[in-house]
$ cat run08.cif   # mmCIF, C-alpha atoms
data_structure
#
loop_
_atom_site.label_atom_id
_atom_site.label_comp_id
_atom_site.auth_asym_id
_atom_site.auth_seq_id
_atom_site.Cartn_x
_atom_site.Cartn_y
_atom_site.Cartn_z
CA VAL A 214 206.28 -50.97 60.08
CA TRP A 215 202.59 -49.97 60.27
CA THR A 216 200.10 -52.72 59.32
CA GLY A 217 196.51 -51.72 59.95
CA SER A 218 196.00 -51.40 63.69
CA TYR A 219 199.38 -52.83 64.69
CA VAL A 220 202.99 -51.77 64.67
CA VAL A 221 205.32 -54.59 63.75
CA GLY A 222 208.76 -54.18 65.28
CA TYR A 223 211.88 -55.83 63.91
CA LEU A 224 214.35 -56.21 66.78
CA GLU A 225 217.83 -57.57 67.27
CA LEU A 226 218.06 -59.99 70.20
CA THR A 227 220.51 -57.91 72.19
CA ASN A 228 220.37 -57.53 75.96
CA LEU A 229 218.28 -54.39 75.47
CA THR A 230 215.62 -56.07 73.37
CA VAL A 231 215.45 -59.05 75.71
CA THR A 232 214.73 -56.60 78.52
CA LEU A 233 212.15 -54.88 76.34
CA ALA A 234 210.39 -58.12 75.52
CA MET A 235 210.34 -59.14 79.18
CA GLY A 236 208.92 -55.77 80.14
CA LEU A 237 206.14 -56.06 77.62
CA LEU A 238 205.23 -59.46 78.95
CA SER A 239 205.13 -58.33 82.58
CA PRO A 240 201.79 -57.98 84.47
CA ARG A 241 202.05 -54.18 84.31
CA PHE A 242 201.40 -54.35 80.56
CA LYS A 243 198.23 -56.45 80.62
CA PRO A 244 196.45 -54.18 78.06
CA LEU A 245 199.08 -55.06 75.46
CA VAL A 246 198.29 -57.75 72.93
CA LEU A 247 201.29 -59.54 71.43
CA LEU A 248 201.22 -61.57 68.27
CA PRO A 249 203.33 -64.74 68.29
CA ILE A 250 207.05 -63.99 68.43
CA LEU A 251 208.83 -65.44 65.38
CA PHE A 252 212.42 -66.31 66.24
CA LYS A 253 215.35 -66.39 63.88
CA PRO A 254 218.94 -67.08 64.95
CA THR A 255 219.47 -63.52 66.17
CA ARG A 256 216.27 -61.66 65.33
CA CYS A 257 212.58 -61.66 66.16
CA PHE A 258 209.38 -59.94 65.06
CA ILE A 259 206.95 -58.53 67.59
CA ALA A 260 203.59 -56.85 67.13
CA LEU A 261 202.18 -54.20 69.44
CA PRO A 262 198.84 -52.35 69.54
CA SER A 263 199.29 -49.10 67.65
CA ILE A 264 197.83 -45.58 67.42
CA SER A 265 195.67 -45.52 70.56
CA ARG A 266 198.24 -47.39 72.67
CA GLN A 267 201.60 -46.27 71.32
CA SER A 268 202.08 -43.30 73.68
CA ASN A 269 201.07 -45.41 76.70
CA ILE A 270 203.54 -48.10 75.70
CA ILE A 271 206.39 -45.60 75.43
CA ASN A 272 205.52 -44.01 78.76
CA ASN A 273 205.22 -47.34 80.55
CA LEU A 274 208.57 -48.49 79.18
CA ALA A 275 210.17 -45.23 80.27
CA MET A 276 208.76 -45.63 83.79
CA SER A 277 209.93 -49.24 83.87
CA SER A 278 213.44 -48.10 83.01
CA LYS A 279 213.24 -45.33 85.62
CA SER A 280 212.09 -47.64 88.40
CA SER A 281 214.91 -50.07 87.67
CA SER A 282 217.44 -47.37 88.58
CA HIS A 283 216.27 -46.95 92.16
CA ASN A 284 218.41 -47.57 95.25
CA PHE A 285 216.81 -50.92 96.10
CA ALA A 286 218.14 -53.32 93.49
CA GLY A 287 219.32 -55.73 96.13
CA SER A 288 220.86 -53.07 98.36
CA LYS A 289 221.58 -54.46 101.83
CA GLY A 290 223.38 -51.65 103.55
CA ASP A 291 226.90 -50.28 103.04
CA LYS A 292 225.73 -46.66 102.93
CA LYS A 293 227.68 -44.26 100.74
CA ASP A 294 227.24 -41.13 102.88
CA PRO A 295 228.72 -41.46 106.40
CA LEU A 296 226.41 -38.69 107.64
CA MET A 297 223.30 -40.65 106.69
CA PRO A 298 221.62 -43.14 109.05
CA THR A 299 222.57 -46.77 108.52
CA MET A 300 218.91 -47.65 109.10
CA ILE A 301 215.77 -45.51 108.79
CA VAL A 302 212.90 -46.99 110.78
CA PHE A 303 209.29 -45.98 110.16
CA ASP A 304 206.17 -46.54 112.20
CA LEU A 305 203.29 -47.42 109.85
CA ASP A 306 199.80 -46.50 111.13
CA ASP A 307 199.23 -42.74 111.20
CA CYS A 308 202.89 -42.18 110.30
CA LEU A 309 203.24 -43.51 106.76
CA TRP A 310 199.62 -44.38 105.98
CA SER A 311 196.02 -44.01 107.07
CA PRO A 312 193.63 -45.30 108.33
CA GLU A 313 194.99 -47.40 111.19
CA MET A 314 194.73 -51.16 110.83
CA TYR A 315 192.66 -51.70 113.98
CA THR A 316 189.83 -49.62 112.48
CA LEU A 317 189.43 -51.92 109.46
CA HIS A 318 186.81 -54.68 109.41
CA ALA A 319 188.76 -56.83 106.92
CA LYS A 320 192.17 -57.17 105.30
CA PRO A 321 193.01 -54.59 102.62
CA SER A 322 192.93 -56.73 99.49
CA ILE A 323 191.78 -54.55 96.59
CA PRO A 324 194.55 -52.74 94.65
CA VAL A 325 193.51 -49.15 93.98
CA LYS A 326 195.26 -47.46 91.07
CA GLY A 327 196.10 -43.81 90.66
CA ASP A 328 198.95 -41.41 90.02
CA LEU A 329 201.99 -42.43 92.07
CA TYR A 330 203.30 -38.88 92.07
CA ILE A 331 200.84 -36.00 92.00
CA ASN A 332 202.36 -32.94 90.35
CA PRO A 333 200.08 -30.20 88.95
CA GLU A 334 202.76 -29.22 86.43
CA ARG A 335 202.88 -32.67 84.86
CA GLN A 336 201.22 -33.41 81.55
CA GLU A 337 198.64 -36.17 81.35
CA SER A 338 201.07 -38.34 79.39
CA GLU A 339 203.66 -38.06 82.21
CA ARG A 340 201.47 -39.58 84.90
CA GLU A 341 202.91 -42.58 86.78
CA ILE A 342 199.96 -44.92 87.11
CA GLY A 343 200.32 -47.59 89.78
CA ILE A 344 198.82 -49.00 92.96
CA VAL A 345 198.44 -46.03 95.32
CA GLY A 346 196.47 -47.86 97.99
CA MET A 347 194.89 -51.09 99.17
CA GLY A 348 191.13 -51.09 99.56
CA VAL A 349 189.06 -52.97 102.11
CA PRO A 350 185.99 -54.71 100.65
CA ARG A 351 183.05 -52.36 101.29
CA GLY A 352 185.41 -50.19 103.31
CA PRO A 353 188.11 -47.51 103.13
CA THR A 354 191.36 -47.50 101.19
CA VAL A 355 194.70 -47.49 102.99
CA GLN A 356 196.91 -44.85 101.37
CA LEU A 357 200.23 -43.20 102.08
CA PHE A 358 200.28 -39.66 103.36
CA ASP A 359 201.51 -37.31 100.64
CA GLY A 360 204.65 -36.47 102.62
CA ALA A 361 205.33 -40.16 103.26
CA ARG A 362 205.10 -40.98 99.57
CA LYS A 363 207.48 -38.14 98.75
CA ALA A 364 209.92 -39.25 101.45
CA LEU A 365 209.93 -42.86 100.24
CA ARG A 366 210.41 -41.74 96.64
CA GLU A 367 213.31 -39.56 97.74
CA ILE A 368 214.95 -42.51 99.50
CA ALA A 369 214.45 -44.66 96.43
CA LEU A 370 215.73 -42.18 93.85
CA ASP A 371 218.27 -39.86 95.49
CA PRO A 372 221.80 -41.35 95.29
CA LYS A 373 222.69 -40.00 98.74
CA TYR A 374 220.43 -42.68 100.27
CA GLU A 375 222.16 -45.52 98.46
CA GLY A 376 222.93 -48.32 100.89
CA VAL A 377 220.64 -46.96 103.63
CA ILE A 378 218.48 -49.72 105.15
CA VAL A 379 214.74 -49.10 105.52
CA ALA A 380 212.76 -50.86 108.26
CA ALA A 381 209.37 -50.79 110.00
CA ALA A 382 208.54 -50.82 113.70
CA SER A 383 204.80 -51.04 114.23
CA SER A 384 202.63 -52.18 117.12
CA SER A 385 199.75 -52.84 114.72
CA GLU A 386 196.97 -54.95 116.17
CA GLU A 387 196.47 -56.51 112.72
CA PRO A 388 199.94 -57.44 111.41
CA THR A 389 198.54 -59.37 108.44
CA TYR A 390 196.73 -56.23 107.30
CA SER A 391 199.97 -54.25 107.57
CA HIS A 392 201.87 -56.84 105.54
CA ALA A 393 199.16 -56.78 102.86
CA CYS A 394 199.66 -53.04 102.48
CA LEU A 395 203.45 -53.36 102.34
CA GLU A 396 203.08 -56.01 99.66
CA GLY A 397 200.48 -54.13 97.63
CA ILE A 398 201.32 -50.41 97.61
CA GLU A 399 203.74 -49.08 95.00
CA VAL A 400 206.18 -46.22 95.57
CA LEU A 401 207.46 -46.09 92.00
CA PRO A 402 206.19 -48.10 89.02
CA GLY A 403 207.25 -51.64 89.84
CA LEU A 404 208.77 -50.73 93.22
CA PHE A 405 206.52 -51.81 96.09
CA MET A 406 206.91 -50.85 99.72
CA ARG A 407 207.92 -54.44 100.47
CA ASP A 408 210.87 -54.05 98.09
CA MET A 409 212.15 -51.12 100.14
CA PHE A 410 211.61 -52.45 103.66
CA GLN A 411 214.40 -54.91 104.31
CA TYR A 412 213.42 -55.47 107.95
CA ASP A 413 210.12 -55.20 109.77
CA GLN A 414 208.89 -55.87 113.27
CA ILE A 415 205.10 -55.58 113.25
CA GLY A 416 202.61 -56.48 115.96
CA ARG A 417 202.34 -56.73 119.71
CA THR A 418 202.46 -60.47 120.41
CA GLY A 419 205.27 -62.79 121.47
CA SER A 420 208.37 -60.72 122.20
CA LEU A 421 206.71 -57.60 120.77
CA THR A 422 204.54 -55.38 122.96
CA SER A 423 202.92 -51.96 122.63
CA ARG A 424 206.32 -50.43 123.54
CA LYS A 425 208.49 -49.81 120.50
CA THR A 426 211.59 -50.66 122.54
CA THR A 427 210.69 -54.33 121.96
CA HIS A 428 210.61 -53.77 118.22
CA PHE A 429 213.97 -52.03 118.27
CA ARG A 430 215.58 -54.84 120.25
CA ALA A 431 214.39 -57.24 117.56
CA LEU A 432 215.57 -55.00 114.71
CA HIS A 433 218.98 -54.57 116.34
CA LYS A 434 219.34 -58.31 116.88
CA GLU A 435 218.25 -59.17 113.36
CA SER A 436 220.27 -56.53 111.52
CA SER A 437 223.25 -55.91 113.86
CA VAL A 438 222.86 -52.18 113.16
CA PRO A 439 223.95 -50.15 116.23
CA TYR A 440 221.14 -48.20 117.88
CA ASN A 441 223.00 -44.92 117.48
CA GLU A 442 223.05 -45.44 113.71
CA MET A 443 219.25 -45.63 113.49
CA LEU A 444 216.73 -42.86 112.75
CA PHE A 445 213.11 -43.38 113.83
CA PHE A 446 209.88 -41.70 112.70
CA ASP A 447 206.64 -42.16 114.67
CA ASP A 448 203.39 -40.21 115.03
CA CYS A 449 203.48 -40.70 118.84
CA ASN A 450 199.71 -40.26 119.12
CA TRP A 451 199.40 -43.34 121.35
CA GLY A 452 202.41 -42.56 123.52
CA ASP A 453 205.77 -40.92 123.04
CA HIS A 454 207.58 -43.81 121.38
CA CYS A 455 210.24 -41.46 120.08
CA ALA A 456 211.24 -40.32 123.55
CA ASP A 457 211.10 -43.91 124.79
CA VAL A 458 213.51 -45.39 122.22
CA THR A 459 215.79 -42.35 122.46
CA ALA A 460 216.02 -42.62 126.25
CA SER A 461 216.40 -46.41 126.18
CA PHE A 462 218.83 -46.87 123.29
CA GLY A 463 220.01 -43.50 122.02
CA VAL A 464 218.07 -43.80 118.76
CA ILE A 465 217.65 -40.43 117.02
CA SER A 466 213.93 -39.85 116.47
CA GLN A 467 211.44 -37.48 114.86
CA ARG A 468 207.72 -37.13 115.64
CA THR A 469 205.13 -37.00 112.85
CA PRO A 470 201.90 -36.20 114.76
CA ALA A 471 199.72 -35.45 111.71
CA GLY A 472 201.15 -38.13 109.45
CA MET A 473 204.52 -37.88 107.73
CA GLN A 474 205.25 -34.44 106.29
CA LEU A 475 208.20 -34.12 103.94
CA SER A 476 209.56 -31.30 106.11
CA GLU A 477 209.52 -33.65 109.13
CA PHE A 478 211.41 -36.27 107.17
CA HIS A 479 214.07 -33.72 106.26
CA SER A 480 214.17 -32.50 109.88
CA GLY A 481 214.88 -36.05 111.04
CA ILE A 482 217.67 -36.48 108.50
CA GLU A 483 219.22 -33.16 109.53
CA LYS A 484 218.90 -34.04 113.23
CA TYR A 485 220.80 -37.28 112.61
CA ARG A 486 223.54 -35.51 110.59
CA LYS A 487 224.06 -32.95 113.35
CA GLU A 488 224.30 -35.72 115.94
CA VAL A 489 226.96 -37.54 113.91
CA LEU A 490 228.96 -34.35 113.47
CA SER A 491 228.78 -33.60 117.19
CA ARG A 492 230.18 -37.06 117.98
CA ASN A 493 233.16 -36.36 115.75
CA ASP A 494 233.95 -33.00 117.36
#
$ encode --input "run08.cif" --output "structure tokens"
Amino acid sequence: VWTGSYVVGYLELTNLTVTLAMGLLSPRFKPLVLLPILFKPTRCFIALPSISRQSNIINNLAMSSKSSSHNFAGSKGDKKDPLMPTMIVFDLDDCLWSPEMYTLHAKPSIPVKGDLYINPERQESEREIGIVGMGVPRGPTVQLFDGARKALREIALDPKYEGVIVAAASSSEEPTYSHACLEGIEVLPGLFMRDMFQYDQIGRTGSLTSRKTTHFRALHKESSVPYNEMLFFDDCNWGDHCADVTASFGVISQRTPAGMQLSEFHSGIEKYRKEVLSRND
């Protein structure tokens, strides 16, 4: 029902409308203004901004529904495809994102919004607005490489990755900065990097050193995933970590010297599949 500048919705309190109401009240819908909800035994009235906001509301709700269908709704392993890695391990600095943490003068703490998936063929109304990076006060913004964002979105949305564990192995000199980026950067609307990474070993203190073998020992101990069921991506610009973990543990690895390219991600997946098939011959 249209009433001036508002649309008044008359909704049944089914599971769907409860989800809808919760979505509208979430932080991602701050621009929305709700009038008081008037409850009846099984019905309620809601009021939403109309005309100028209606298309944004519909798009945001659609994206919310889309993001809820990703592969990380509590997934803790039990992969569906036996030819997929049990665990995919990513380096962070200069592999998934840039710039490197040691170059920053302060923690990335400013959410920077933009389109989560750049596609020239998309209409303006189809843009997925979210937090694309974390800015440093009076400094640069940490952002994912385009190929890294595409790879993470593929893992999140393609059913063949269901049950695959995602982890991080980083010798970052500023682990708190790295964690801030994991917590703050979105991959899909409502799906943050932290939601995807079920394990992480970040830093070079305590049992962790500049050698990634120390990170893999910790990941193996924590997750119980066999080394030969892991796939590792690293830029290797500060040493050939890929060769090191492969020689030490038999981990399949793929270099990403210019930051993650989607083709390199696919090459790593194919390399792992071929290795599995060769073991079964």
$ resolve_selection --input "run08.cif" --expression "the PyMOL selection byres ((chain A and resi 293) around 12)" --output "VMD selection string"
chain A and resid 284 288 to 292 294 to 299 371 to 378
$ residues_around --input "run08.cif" --residues "segment 324-338 of chain A" --least-positions-apart "5" --cutoff "10 Å" --atoms "all atoms listed in the file" --output "PyMOL selection string"
chain A and resi 268-269+271-273+343-349+354-356+359+362-363+366+394+397-402
$ atom_distance --input "run08.cif" --atom1 "atom CA of Tyr412 of chain A" --atom2 "atom CA of Leu432 of chain A"
7.1 Å
$ residues_near_point --input "run08.cif" --point "(201.0, -61.4, 120.1)" --cutoff "12 Å" --atoms "all atoms listed in the file" --output "ChimeraX atom specification"
/A:384-388,414-423
$ atom_distance --input "run08.cif" --atom1 "atom CA of Phe446 of chain A" --atom2 "atom CA of Asn493 of chain A"
24.1 Å
$ closest_residue --input "run08.cif" --among "A:Gly481, A:Gly472, A:Gly463, A:Gly352" --to "Phe429 of chain A" --atoms "only C-alpha atoms"
A:Gly463
$ atom_distance --input "run08.cif" --atom1 "atom CA of Asp453 of chain A" --atom2 "atom CA of Phe405 of chain A"
29.1 Å
$ resolve_selection --input "run08.cif" --expression "the PyMOL selection byres ((chain A and resi 426) around 8)" --output "list of chain:residue names"
A:Arg424, A:Lys425, A:Thr427, A:His428, A:Phe429, A:Arg430, A:Asp457, A:Val458, A:Ser461
$ resolve_selection --input "run08.cif" --expression "the PyMOL selection byres ((chain A and resi 358) around 6)" --output "JSON, numbers by chain"
{"A": [309, 310, 357, 359, 360, 361]}
$ residues_near_point --input "run08.cif" --point "(217.9, -45.6, 120.7)" --cutoff "9 Å" --atoms "all atoms listed in the file" --output "list in words"
Thr426, Phe429, Pro439, Tyr440, Asn441, Glu442, Met443, Leu444, Phe445, Cys455, Ala456, Asp457, Val458, Thr459, Ala460, Ser461, Phe462, Gly463, Val464, Ile465 and Ser466 of chain A
$ axis_aligned_box --input "run08.cif" --around "segment 473-478 of chain A" --padding-each-side "8 Å" --output "JSON"
{"center_x": 208.0, "center_y": -34.6, "center_z": 106.5, "size_x": 22.9, "size_y": 22.6, "size_z": 21.2}
